[in-house]
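Source file: data.cif; contents: mmCIF, C-alpha atoms and all ligand atoms.
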```cif
data_query
#
loop_
_atom_site.group_PDB
_atom_site.id
_atom_site.type_symbol
_atom_site.label_atom_id
_atom_site.label_comp_id
_atom_site.auth_asym_id
_atom_site.auth_seq_id
_atom_site.Cartn_x
_atom_site.Cartn_y
_atom_site.Cartn_z
ATOM 1 C CA MET A 4 74.574 203.139 86.799
ATOM 2 C CA SER A 5 75.539 203.116 83.103
ATOM 3 C CA ALA A 6 76.095 200.023 80.950
ATOM 4 C CA ALA A 7 79.832 200.783 80.919
ATOM 5 C CA ALA A 8 79.952 200.568 84.721
ATOM 6 C CA LEU A 9 78.706 196.982 84.507
ATOM 7 C CA LEU A 10 81.328 195.846 81.982
ATOM 8 C CA PRO A 11 83.929 193.250 83.106
ATOM 9 C CA ALA A 12 86.854 195.686 83.073
ATOM 10 C CA ALA A 13 85.047 198.057 85.392
ATOM 11 C CA SER A 14 83.508 195.455 87.665
ATOM 12 C CA GLY A 15 86.396 195.474 90.151
ATOM 13 C CA GLY A 16 86.097 192.733 92.756
ATOM 14 C CA ALA A 17 82.735 191.539 91.399
ATOM 15 C CA VAL A 18 84.380 188.844 89.240
ATOM 16 C CA PHE A 19 85.493 185.907 91.350
ATOM 17 C CA VAL A 20 87.027 182.807 89.855
ATOM 18 C CA PRO A 21 85.331 180.018 91.797
ATOM 19 C CA LEU A 22 88.088 177.385 91.726
ATOM 20 C CA GLY A 23 88.327 177.091 95.544
ATOM 21 C CA PRO A 24 84.556 176.666 96.088
ATOM 22 C CA LEU A 25 84.453 174.322 93.063
ATOM 23 C CA GLY A 26 87.035 171.977 94.586
ATOM 24 C CA LEU A 27 85.235 172.049 97.938
ATOM 25 C CA ALA A 28 81.893 171.500 96.158
ATOM 26 C CA ALA A 29 83.266 168.452 94.316
ATOM 27 C CA LEU A 30 84.479 166.999 97.656
ATOM 28 C CA LEU A 31 81.133 167.718 99.357
ATOM 29 C CA ALA A 32 79.160 166.221 96.439
ATOM 30 C CA ALA A 33 81.390 163.107 96.487
ATOM 31 C CA ALA A 34 80.854 162.783 100.279
ATOM 32 C CA LEU A 35 77.083 163.118 99.804
ATOM 33 C CA ALA A 36 77.051 160.547 96.985
ATOM 34 C CA TRP A 37 79.162 158.150 99.106
ATOM 35 C CA GLY A 38 76.822 158.596 102.124
ATOM 36 C CA ALA A 39 73.737 158.048 99.948
ATOM 37 C CA ALA A 40 75.253 154.953 98.279
ATOM 38 C CA ARG A 41 76.108 153.424 101.710
ATOM 39 C CA HIS A 42 72.555 154.179 102.898
ATOM 40 C CA LEU A 43 71.114 152.507 99.751
ATOM 41 C CA ARG A 44 73.290 149.390 100.207
ATOM 42 C CA ARG A 45 71.774 149.001 103.703
ATOM 43 C CA GLY A 46 68.292 149.048 102.159
ATOM 44 C CA GLY A 47 67.577 152.781 102.740
ATOM 45 C CA ALA A 48 65.801 155.079 100.278
ATOM 46 C CA LEU A 49 67.363 157.756 98.042
ATOM 47 C CA ARG A 50 64.333 160.053 98.080
ATOM 48 C CA PRO A 51 65.000 161.597 101.562
ATOM 49 C CA TRP A 52 68.553 162.524 100.428
ATOM 50 C CA HIS A 53 67.191 164.076 97.218
ATOM 51 C CA ARG A 54 64.618 165.976 99.318
ATOM 52 C CA ALA A 55 67.262 167.247 101.768
ATOM 53 C CA SER A 56 69.525 168.626 99.038
ATOM 54 C CA ALA A 57 66.406 170.045 97.298
ATOM 55 C CA MET A 58 65.856 172.239 100.390
ATOM 56 C CA VAL A 59 69.209 173.987 99.803
ATOM 57 C CA MET A 60 68.857 174.152 96.014
ATOM 58 C CA GLY A 61 65.145 175.073 96.120
ATOM 59 C CA ALA A 62 65.643 177.907 98.643
ATOM 60 C CA PHE A 63 68.442 179.371 96.488
ATOM 61 C CA ALA A 64 66.493 178.902 93.235
ATOM 62 C CA LEU A 65 63.371 180.641 94.612
ATOM 63 C CA VAL A 66 65.297 183.676 95.891
ATOM 64 C CA HIS A 67 67.481 183.686 92.733
ATOM 65 C CA VAL A 68 64.534 183.669 90.311
ATOM 66 C CA LEU A 69 62.446 186.190 92.301
ATOM 67 C CA ALA A 70 65.496 188.487 92.571
ATOM 68 C CA HIS A 71 65.571 188.669 88.759
ATOM 69 C CA LEU A 72 62.325 190.672 89.017
ATOM 70 C CA ALA A 73 64.559 193.613 90.007
ATOM 71 C CA ALA A 74 65.506 193.767 86.309
ATOM 72 C CA LEU A 75 62.042 195.236 85.671
ATOM 73 C CA ALA A 76 63.649 198.457 86.949
ATOM 74 C CA GLY A 77 66.683 198.003 84.660
ATOM 75 C CA PRO A 78 70.142 196.314 84.785
ATOM 76 C CA ALA A 79 71.509 198.698 87.455
ATOM 77 C CA ALA A 80 68.698 197.798 89.890
ATOM 78 C CA HIS A 81 69.284 194.101 89.132
ATOM 79 C CA GLN A 82 73.009 194.562 89.790
ATOM 80 C CA ALA A 83 72.296 196.151 93.196
ATOM 81 C CA VAL A 84 70.164 193.152 94.243
ATOM 82 C CA LEU A 85 72.725 190.692 92.798
ATOM 83 C CA ASP A 86 75.578 192.379 94.716
ATOM 84 C CA ALA A 87 73.584 192.124 97.970
ATOM 85 C CA LEU A 88 72.753 188.430 97.426
ATOM 86 C CA ARG A 89 76.327 187.584 96.372
ATOM 87 C CA GLN A 90 77.455 188.604 99.873
ATOM 88 C CA VAL A 91 75.677 185.427 101.019
ATOM 89 C CA TYR A 92 75.981 182.810 98.254
ATOM 90 C CA ARG A 93 79.436 183.805 97.029
ATOM 91 C CA HIS A 94 80.918 183.119 100.474
ATOM 92 C CA PRO A 95 83.235 180.207 99.589
ATOM 93 C CA VAL A 96 81.569 177.778 102.035
ATOM 94 C CA ALA A 97 78.013 178.781 101.031
ATOM 95 C CA GLU A 98 78.896 178.554 97.330
ATOM 96 C CA ALA A 99 80.536 175.146 97.780
ATOM 97 C CA LEU A 100 77.409 173.902 99.586
ATOM 98 C CA LEU A 101 75.178 175.322 96.828
ATOM 99 C CA LEU A 102 77.206 173.831 93.958
ATOM 100 C CA ALA A 103 77.495 170.475 95.769
ATOM 101 C CA SER A 104 73.738 170.326 96.307
ATOM 102 C CA ALA A 105 73.169 171.271 92.635
ATOM 103 C CA LEU A 106 75.456 168.416 91.548
ATOM 104 C CA PHE A 107 73.893 165.942 93.992
ATOM 105 C CA GLN A 108 70.397 167.088 92.992
ATOM 106 C CA VAL A 109 71.109 166.386 89.311
ATOM 107 C CA GLY A 110 72.712 162.985 90.037
ATOM 108 C CA SER A 111 70.140 161.743 92.567
ATOM 109 C CA GLY A 112 67.299 163.082 90.372
ATOM 110 C CA ALA A 113 68.630 161.120 87.379
ATOM 111 C CA VAL A 114 68.765 157.914 89.476
ATOM 112 C CA LEU A 115 65.190 158.470 90.757
ATOM 113 C CA LEU A 116 63.958 159.178 87.205
ATOM 114 C CA TRP A 117 65.511 155.968 85.862
ATOM 115 C CA ARG A 118 64.510 153.704 88.747
ATOM 116 C CA GLY A 119 60.894 154.917 88.753
ATOM 117 C CA ARG A 120 60.385 154.530 85.006
ATOM 118 C CA ALA A 121 58.344 151.317 85.191
ATOM 119 C CA GLN A 122 56.164 152.236 88.202
ATOM 120 C CA ARG A 123 55.306 155.841 87.333
ATOM 121 C CA ARG A 124 51.501 156.240 87.209
ATOM 122 C CA GLY A 125 49.310 159.339 86.864
ATOM 123 C CA ALA A 126 49.694 162.884 85.552
ATOM 124 C CA VAL A 127 51.301 164.362 88.696
ATOM 125 C CA ALA A 128 54.021 161.694 88.858
ATOM 126 C CA TRP A 129 54.821 162.374 85.183
ATOM 127 C CA LEU A 130 54.755 166.170 85.664
ATOM 128 C CA GLN A 131 57.196 165.744 88.554
ATOM 129 C CA ALA A 132 59.501 163.495 86.485
ATOM 130 C CA LEU A 133 59.453 165.706 83.374
ATOM 131 C CA SER A 134 59.923 169.001 85.250
ATOM 132 C CA GLY A 135 62.741 167.438 87.317
ATOM 133 C CA GLY A 136 64.404 166.041 84.195
ATOM 134 C CA TYR A 137 64.337 169.433 82.499
ATOM 135 C CA LEU A 138 65.630 171.195 85.643
ATOM 136 C CA ALA A 139 68.549 168.738 85.836
ATOM 137 C CA LEU A 140 69.536 169.427 82.205
ATOM 138 C CA PHE A 141 69.068 173.173 82.682
ATOM 139 C CA LEU A 142 71.150 173.213 85.876
ATOM 140 C CA LEU A 143 74.036 171.394 84.180
ATOM 141 C CA VAL A 144 74.101 173.810 81.215
ATOM 142 C CA HIS A 145 73.330 176.988 83.215
ATOM 143 C CA VAL A 146 75.827 176.479 86.051
ATOM 144 C CA SER A 147 78.574 175.351 83.612
ATOM 145 C CA ALA A 148 77.973 178.520 81.541
ATOM 146 C CA VAL A 149 78.083 180.744 84.651
ATOM 147 C CA LEU A 150 81.305 179.158 85.950
ATOM 148 C CA GLN A 151 82.966 179.206 82.505
ATOM 149 C CA ALA A 152 82.149 182.912 82.070
ATOM 150 C CA ARG A 153 83.538 183.694 85.522
ATOM 151 C CA VAL A 154 86.757 181.791 84.789
ATOM 152 C CA GLN A 155 87.048 183.939 81.630
ATOM 153 C CA GLY A 156 86.734 187.068 83.793
ATOM 154 C CA LEU A 157 83.210 188.060 82.766
ATOM 155 C CA ASP A 158 80.878 189.424 85.455
ATOM 156 C CA THR A 159 77.842 187.120 85.301
ATOM 157 C CA ASN A 160 75.239 189.867 85.604
ATOM 158 C CA TRP A 161 71.959 190.691 83.788
ATOM 159 C CA TYR A 162 73.811 191.365 80.519
ATOM 160 C CA PHE A 163 75.379 187.903 80.739
ATOM 161 C CA ALA A 164 71.927 186.318 81.199
ATOM 162 C CA ALA A 165 70.349 188.446 78.426
ATOM 163 C CA ALA A 166 73.127 188.180 75.802
ATOM 164 C CA GLY A 167 71.839 185.116 73.926
ATOM 165 C CA LEU A 168 68.403 186.701 73.539
ATOM 166 C CA HIS A 169 69.981 189.629 71.696
ATOM 167 C CA VAL A 170 71.613 187.577 68.937
ATOM 168 C CA PRO A 171 69.429 186.391 66.014
ATOM 169 C CA LEU A 172 68.856 182.603 65.942
ATOM 170 C CA TRP A 173 70.232 182.170 69.508
ATOM 171 C CA SER A 174 67.122 183.920 70.848
ATOM 172 C CA GLY A 175 65.099 180.954 69.529
ATOM 173 C CA PHE A 176 67.046 178.744 71.926
ATOM 174 C CA PHE A 177 67.326 181.065 74.948
ATOM 175 C CA ALA A 178 63.655 182.151 75.167
ATOM 176 C CA PRO A 179 62.249 178.629 75.755
ATOM 177 C CA TYR A 180 65.402 177.600 77.694
ATOM 178 C CA TYR A 181 64.813 180.231 80.423
ATOM 179 C CA ALA A 182 60.990 180.261 80.315
ATOM 180 C CA LEU A 183 60.789 176.463 80.667
ATOM 181 C CA ALA A 184 63.326 176.490 83.537
ATOM 182 C CA VAL A 185 61.241 178.874 85.642
ATOM 183 C CA ALA A 186 58.003 177.060 84.689
ATOM 184 C CA ALA A 187 59.611 173.682 85.556
ATOM 185 C CA LEU A 188 60.769 175.064 88.913
ATOM 186 C CA GLY A 189 57.180 176.149 89.737
ATOM 187 C CA VAL A 190 55.730 172.790 88.618
ATOM 188 C CA HIS A 191 58.404 170.766 90.473
ATOM 189 C CA ILE A 192 57.834 172.683 93.743
ATOM 190 C CA GLY A 193 54.056 172.327 93.186
ATOM 191 C CA CYS A 194 54.391 168.536 92.773
ATOM 192 C CA ALA A 195 56.455 168.277 95.989
ATOM 193 C CA LEU A 196 53.699 170.210 97.832
ATOM 194 C CA TYR A 197 50.991 168.074 96.148
ATOM 195 C CA TRP A 198 52.247 164.804 97.706
ATOM 196 C CA ASN A 199 52.478 166.376 101.167
ATOM 197 C CA MET A 200 49.114 168.149 101.451
ATOM 198 C CA PRO A 201 45.496 167.106 102.063
ATOM 199 C CA PRO A 202 43.900 166.296 98.620
ATOM 200 C CA ALA A 203 41.533 169.302 98.581
ATOM 201 C CA ARG A 204 44.418 171.788 98.913
ATOM 202 C CA ALA A 205 46.991 169.742 96.984
ATOM 203 C CA ARG A 206 45.469 170.412 93.540
ATOM 204 C CA TRP A 207 45.314 174.152 94.235
ATOM 205 C CA ALA A 208 48.913 174.263 95.427
ATOM 206 C CA LEU A 209 50.097 172.506 92.262
ATOM 207 C CA ALA A 210 47.963 174.698 89.965
ATOM 208 C CA LEU A 211 49.094 177.937 91.670
ATOM 209 C CA CYS A 212 52.818 177.020 91.691
ATOM 210 C CA GLY A 213 52.646 175.884 88.048
ATOM 211 C CA ALA A 214 50.795 179.034 86.926
ATOM 212 C CA ALA A 215 53.219 181.262 88.892
ATOM 213 C CA GLY A 216 56.174 179.513 87.209
ATOM 214 C CA VAL A 217 54.710 179.946 83.702
ATOM 215 C CA LEU A 218 53.853 183.644 84.290
ATOM 216 C CA LEU A 219 57.179 184.480 85.934
ATOM 217 C CA GLY A 220 59.152 182.609 83.237
ATOM 218 C CA THR A 221 57.333 184.507 80.469
ATOM 219 C CA LEU A 222 57.803 187.861 82.223
ATOM 220 C CA LEU A 223 61.545 187.255 82.790
ATOM 221 C CA VAL A 224 62.109 186.259 79.155
ATOM 222 C CA LEU A 225 60.296 189.391 77.918
ATOM 223 C CA THR A 226 62.434 191.489 80.300
ATOM 224 C CA LEU A 227 65.691 189.715 79.298
ATOM 225 C CA ALA A 228 64.833 190.325 75.649
ATOM 226 C CA GLY A 229 64.161 194.002 76.456
ATOM 227 C CA VAL A 230 60.649 193.679 74.998
ATOM 228 C CA TRP A 231 58.404 194.444 77.973
ATOM 229 C CA PRO A 232 57.896 196.081 80.501
ATOM 230 C CA ALA A 233 61.469 197.351 81.007
ATOM 231 C CA PRO A 234 62.963 199.808 78.488
ATOM 232 C CA PRO A 235 64.836 198.267 75.487
ATOM 233 C CA LEU A 236 68.094 196.636 76.615
ATOM 234 C CA GLU A 237 71.454 197.344 74.957
ATOM 235 C CA VAL A 238 73.736 194.365 75.717
ATOM 236 C CA PRO A 239 77.463 195.337 75.548
ATOM 237 C CA LEU A 240 79.505 193.543 72.868
ATOM 238 C CA PRO A 241 81.753 191.463 75.225
ATOM 239 C CA TYR A 242 78.630 189.628 76.399
ATOM 240 C CA ARG A 243 77.338 188.995 72.863
ATOM 241 C CA ALA A 244 80.737 188.136 71.393
ATOM 242 C CA PRO A 245 80.695 184.360 72.262
ATOM 243 C CA PHE A 246 77.467 183.999 70.214
ATOM 244 C CA LEU A 247 78.782 185.949 67.232
ATOM 245 C CA LYS A 248 81.813 183.697 66.605
ATOM 246 C CA GLY A 249 81.895 181.384 63.602
HETATM 247 C C1 LIG B 301 65.176 183.366 83.889
HETATM 248 C C2 LIG B 301 65.814 182.463 84.597
HETATM 249 C C3 LIG B 301 67.230 182.618 85.108
HETATM 250 C C4 LIG B 301 68.159 183.586 84.875
HETATM 251 C C5 LIG B 301 68.031 184.817 84.005
HETATM 252 C C6 LIG B 301 69.361 183.228 85.626
HETATM 253 C C7 LIG B 301 70.525 183.975 85.662
HETATM 254 C C8 LIG B 301 71.652 183.675 86.419
HETATM 255 C C9 LIG B 301 72.808 184.529 86.572
HETATM 256 C C10 LIG B 301 72.974 185.902 85.947
HETATM 257 C C11 LIG B 301 73.673 183.881 87.393
HETATM 258 C C12 LIG B 301 75.019 184.406 87.909
HETATM 259 C C13 LIG B 301 74.783 184.961 89.315
HETATM 260 C C14 LIG B 301 76.005 185.662 89.901
HETATM 261 O O1 LIG B 301 76.964 185.920 89.197
HETATM 262 O O2 LIG B 301 75.977 185.980 91.098
HETATM 263 C C15 LIG B 301 73.087 182.620 87.751
HETATM 264 C C16 LIG B 301 73.673 181.672 88.563
HETATM 265 C C17 LIG B 301 73.064 180.503 88.973
HETATM 266 N N1 LIG B 301 71.780 180.105 88.701
HETATM 267 FE FE1 LIG B 301 70.483 181.077 87.492
HETATM 268 N N2 LIG B 301 69.123 182.067 86.315
HETATM 269 C C18 LIG B 301 67.843 181.649 86.029
HETATM 270 C C19 LIG B 301 67.184 180.531 86.513
HETATM 271 C C20 LIG B 301 67.763 179.613 87.370
HETATM 272 C C21 LIG B 301 67.069 178.455 87.908
HETATM 273 C C22 LIG B 301 65.606 178.072 87.595
HETATM 274 C C23 LIG B 301 67.979 177.797 88.711
HETATM 275 C C24 LIG B 301 67.803 176.540 89.522
HETATM 276 C C25 LIG B 301 66.953 175.584 89.276
HETATM 277 C C26 LIG B 301 69.220 178.541 88.672
HETATM 278 C C27 LIG B 301 70.378 178.188 89.337
HETATM 279 C C28 LIG B 301 71.551 178.908 89.337
HETATM 280 C C29 LIG B 301 72.760 178.504 90.054
HETATM 281 C C30 LIG B 301 72.926 177.233 90.912
HETATM 282 C C31 LIG B 301 73.717 179.512 89.822
HETATM 283 C C32 LIG B 301 75.176 179.537 90.301
HETATM 284 C C33 LIG B 301 75.326 180.410 91.533
HETATM 285 C C34 LIG B 301 76.798 180.658 91.813
HETATM 286 O O3 LIG B 301 77.458 179.775 92.333
HETATM 287 O O4 LIG B 301 77.261 181.744 91.474
HETATM 288 N N3 LIG B 301 69.051 179.637 87.843
HETATM 289 N N4 LIG B 301 71.836 182.527 87.138
#
```
Written form, structure tokens:
Amino acid sequence: MSAAALLPAASGGAVFVPLGPLGLAALLAAALAWGAARHLRRGGALRPWHRASAMVMGAFALVHVLAHLAALAGPAAHQAVLDALRQVYRHPVAEALLLASALFQVGSGAVLLWRGRAQRRGAVAWLQALSGGYLALFLLVHVSAVLQARVQGLDTNWYFAAAGLHVPLWSGFFAPYYALAVAALGVHIGCALYWNMPPARARWALALCGAAGVLLGTLLVLTLAGVWPAPPLEVPLPYRAPFLKG
């Protein structure tokens, strides 16, 4: 598939303005927040709610990030994998559930971060808090950018993700922004495993998840930038245009 075939004008039904799922997601997130608040007023804990929505978000994020490895074979291969996965997560109900859990994850994570600030002790607790804090910020910026681009009729494909890395100065923001997100995801999953495993295996699980996140984040940024190992990437102008204004 050529670059032209992946441009917005030629993307046919691939561009979907998510206003329906967004409305449903807002309702679902409000219902979740209301349920959690009621539970808290009766003396319950927020952490099990955060953990439950993390299952949805975490499963998506793992598949989503690993699927980006298809870009090692070029944007067309990435597009084929993206199209297959979109059949699942772009179903309006699935997408509403995903966006609601992302919103609830960010909100409940912020509450847990703030409430635990005085009691937090030890490196793992701090790693969990810092990686979660970064993921919350990243999710807010990343999902807003994806939805805004879709509303503007842009297909949010590999070129969309890579665009910022192909504009001088912006690449200095986008390289750490993506690399840290994937590293933080690995560390955050590792911390969750750490607290739920026997001590001898817990340290290994955390070290392996963290190392996998750092390696995968670095590899994806090099691929997005068209540096290595994929061939140099030519990002079409409509994707770079928002960064060239001003
Ligand atoms: C190198 C790292 C990443 C890249 C290049 C990337 C790229 C993308 C792209 C291209 C889309 C649009 C997908 C589509 O149109 O079907 C997207 C959507 C999304 N990404 Fe990422 N992403 C990255 C990391 C992450 C991480 C770590 C998370 C979660 C913690 C995440 C969460 C999401 C969510 C929730 C959506 C919205 C899905 C939807 O409703 O369409 N992403 N990302």
- [ ] Name every residue that the PyMOL selection byres (((not hetatm)) within 6 of (chain B and resi 301)) selects in this structure, writing the answer as a VMD selection string with chains first and numbers rising.
- [x] chain A and resid 64 68 85 89 98 138 142 146 149 159 to 161 164 181 184 to 185 188 223
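Among the candidates A:Ala210, A:Ala233, A:Ala113, A:Val238, the residue lying nearest to Ala73 in chain A is A:Ala233 (atoms considered: only C-alpha atoms).
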TODO: Quick one: pull the distance between CA of Leu150 in chain A and CA of Ala99 in chain A, Å, one decimal.
DONE: 12.5 Å
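The shortest atom-to-atom distance to Leu143 in chain A, with only C-alpha atoms taken into account, belongs to A:Phe107 out of A:Trp207, A:Phe107, A:Tyr92, A:Trp37.
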Open item on the list: Under the PyMOL selection byres (((chain A and resi 180) around 12) and not hetatm), which residues of this model are included? Write them out as a VMD selection string.
Closed with: chain A and resid 137 to 138 140 to 142 144 to 145 164 to 165 167 to 168 173 to 179 181 to 187 220 to 221 223 to 224
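Relative to CA of Ala70 in chain A, CA of Asn199 in chain A is found at 27.1 Å.
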Open item on the list: I'd like the contact shell of Pro241 in chain A - 10 Å cut-off, only C-alpha atoms, skipping same-chain residues fewer than 3 positions apart - returned as a PyMOL selection string.
Closed with: chain A and resi 10-11+157+162-163+166+238+244-246
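Taking only C-alpha atoms into account, Gly61 in chain A lies nearest to A:Gly193 out of the set A:Gln151, A:Gly193, A:Leu75, A:Pro239.
Nearest residue to Leu225 in chain A among A:Cys194, A:Ala74, A:Ala139, A:Leu247 is A:Ala74, counting all atoms listed in the file.
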Per-axis box centre and lengths in Å around range 79-96 of chain A, 3 Å margin per side, axis-aligned, as JSON:
```
{"center_x": 76.0, "center_y": 188.2, "center_z": 94.7, "size_x": 20.5, "size_y": 26.9, "size_z": 20.6}
```
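Comparing A:Ala228, A:Ala203, A:Leu31, A:Leu116 by their smallest distance to Pro171 in chain A, the closest is A:Ala228 (using all atoms listed in the file).
The coordinates place CA of Ala105 in chain A at 20.2 Å from CA of Leu196 in chain A.
Among the candidates A:Leu88, A:Ala97, A:Ala215, A:Ala80, the residue lying nearest to Val59 in chain A is A:Ala97 (atoms considered: only C-alpha atoms).
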Evaluate the PyMOL selection byres (((chain A and resi 35) around 12) and not hetatm) here and jot the selected residues down as an mmCIF file with C-alpha atoms, in the coordinates of the input.
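Full text of out_39.cif as output:
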```
data_model
loop_
_atom_site.group_PDB
_atom_site.id
_atom_site.type_symbol
_atom_site.label_atom_id
_atom_site.label_comp_id
_atom_site.auth_asym_id
_atom_site.auth_seq_id
_atom_site.Cartn_x
_atom_site.Cartn_y
_atom_site.Cartn_z
ATOM 1 C CA ALA A 28 81.893 171.500 96.158
ATOM 2 C CA ALA A 29 83.266 168.452 94.316
ATOM 3 C CA LEU A 30 84.479 166.999 97.656
ATOM 4 C CA LEU A 31 81.133 167.718 99.357
ATOM 5 C CA ALA A 32 79.160 166.221 96.439
ATOM 6 C CA ALA A 33 81.390 163.107 96.487
ATOM 7 C CA ALA A 34 80.854 162.783 100.279
ATOM 8 C CA ALA A 36 77.051 160.547 96.985
ATOM 9 C CA TRP A 37 79.162 158.150 99.106
ATOM 10 C CA GLY A 38 76.822 158.596 102.124
ATOM 11 C CA ALA A 39 73.737 158.048 99.948
ATOM 12 C CA ALA A 40 75.253 154.953 98.279
ATOM 13 C CA ARG A 41 76.108 153.424 101.710
ATOM 14 C CA HIS A 42 72.555 154.179 102.898
ATOM 15 C CA LEU A 49 67.363 157.756 98.042
ATOM 16 C CA TRP A 52 68.553 162.524 100.428
ATOM 17 C CA HIS A 53 67.191 164.076 97.218
ATOM 18 C CA ALA A 55 67.262 167.247 101.768
ATOM 19 C CA SER A 56 69.525 168.626 99.038
ATOM 20 C CA LEU A 100 77.409 173.902 99.586
ATOM 21 C CA ALA A 103 77.495 170.475 95.769
ATOM 22 C CA SER A 104 73.738 170.326 96.307
ATOM 23 C CA ALA A 105 73.169 171.271 92.635
ATOM 24 C CA LEU A 106 75.456 168.416 91.548
ATOM 25 C CA PHE A 107 73.893 165.942 93.992
ATOM 26 C CA GLN A 108 70.397 167.088 92.992
ATOM 27 C CA GLY A 110 72.712 162.985 90.037
ATOM 28 C CA SER A 111 70.140 161.743 92.567
#
```
Take range 190-203 of chain A, model N, CA and C atoms, and hand the result over as a CSV table (one decimal), keeping the file's coordinate frame.
```
chain,number,residue,atom,x,y,z
A,190,VAL,N,56.5,174.1,88.7
A,190,VAL,CA,55.7,172.8,88.6
A,190,VAL,C,56.4,171.8,89.6
A,191,HIS,N,57.7,171.8,89.6
A,191,HIS,CA,58.4,170.8,90.5
A,191,HIS,C,58.1,171.0,92.0
A,192,ILE,N,58.1,172.3,92.3
A,192,ILE,CA,57.8,172.7,93.7
A,192,ILE,C,56.4,172.3,94.0
A,193,GLY,N,55.5,172.6,93.0
A,193,GLY,CA,54.1,172.3,93.2
A,193,GLY,C,53.8,170.8,93.4
A,194,CYS,N,54.6,170.0,92.6
A,194,CYS,CA,54.4,168.5,92.8
A,194,CYS,C,54.8,168.1,94.2
A,195,ALA,N,56.0,168.7,94.7
A,195,ALA,CA,56.5,168.3,96.0
A,195,ALA,C,55.4,168.6,97.0
A,196,LEU,N,54.8,169.8,96.9
A,196,LEU,CA,53.7,170.2,97.8
A,196,LEU,C,52.5,169.3,97.7
A,197,TYR,N,52.2,168.9,96.4
A,197,TYR,CA,51.0,168.1,96.1
A,197,TYR,C,51.0,166.8,97.0
A,198,TRP,N,52.2,166.1,97.0
A,198,TRP,CA,52.2,164.8,97.7
A,198,TRP,C,52.2,165.0,99.2
A,199,ASN,N,52.4,166.2,99.7
A,199,ASN,CA,52.5,166.4,101.2
A,199,ASN,C,51.3,167.2,101.7
A,200,MET,N,50.2,167.3,101.0
A,200,MET,CA,49.1,168.1,101.5
A,200,MET,C,47.8,167.3,101.4
A,201,PRO,N,46.8,167.8,102.2
A,201,PRO,CA,45.5,167.1,102.1
A,201,PRO,C,45.0,167.3,100.6
A,202,PRO,N,44.3,166.3,100.0
A,202,PRO,CA,43.9,166.3,98.6
A,202,PRO,C,43.2,167.6,98.2
A,203,ALA,N,42.3,168.1,99.0
A,203,ALA,CA,41.5,169.3,98.6
A,203,ALA,C,42.5,170.5,98.3
```
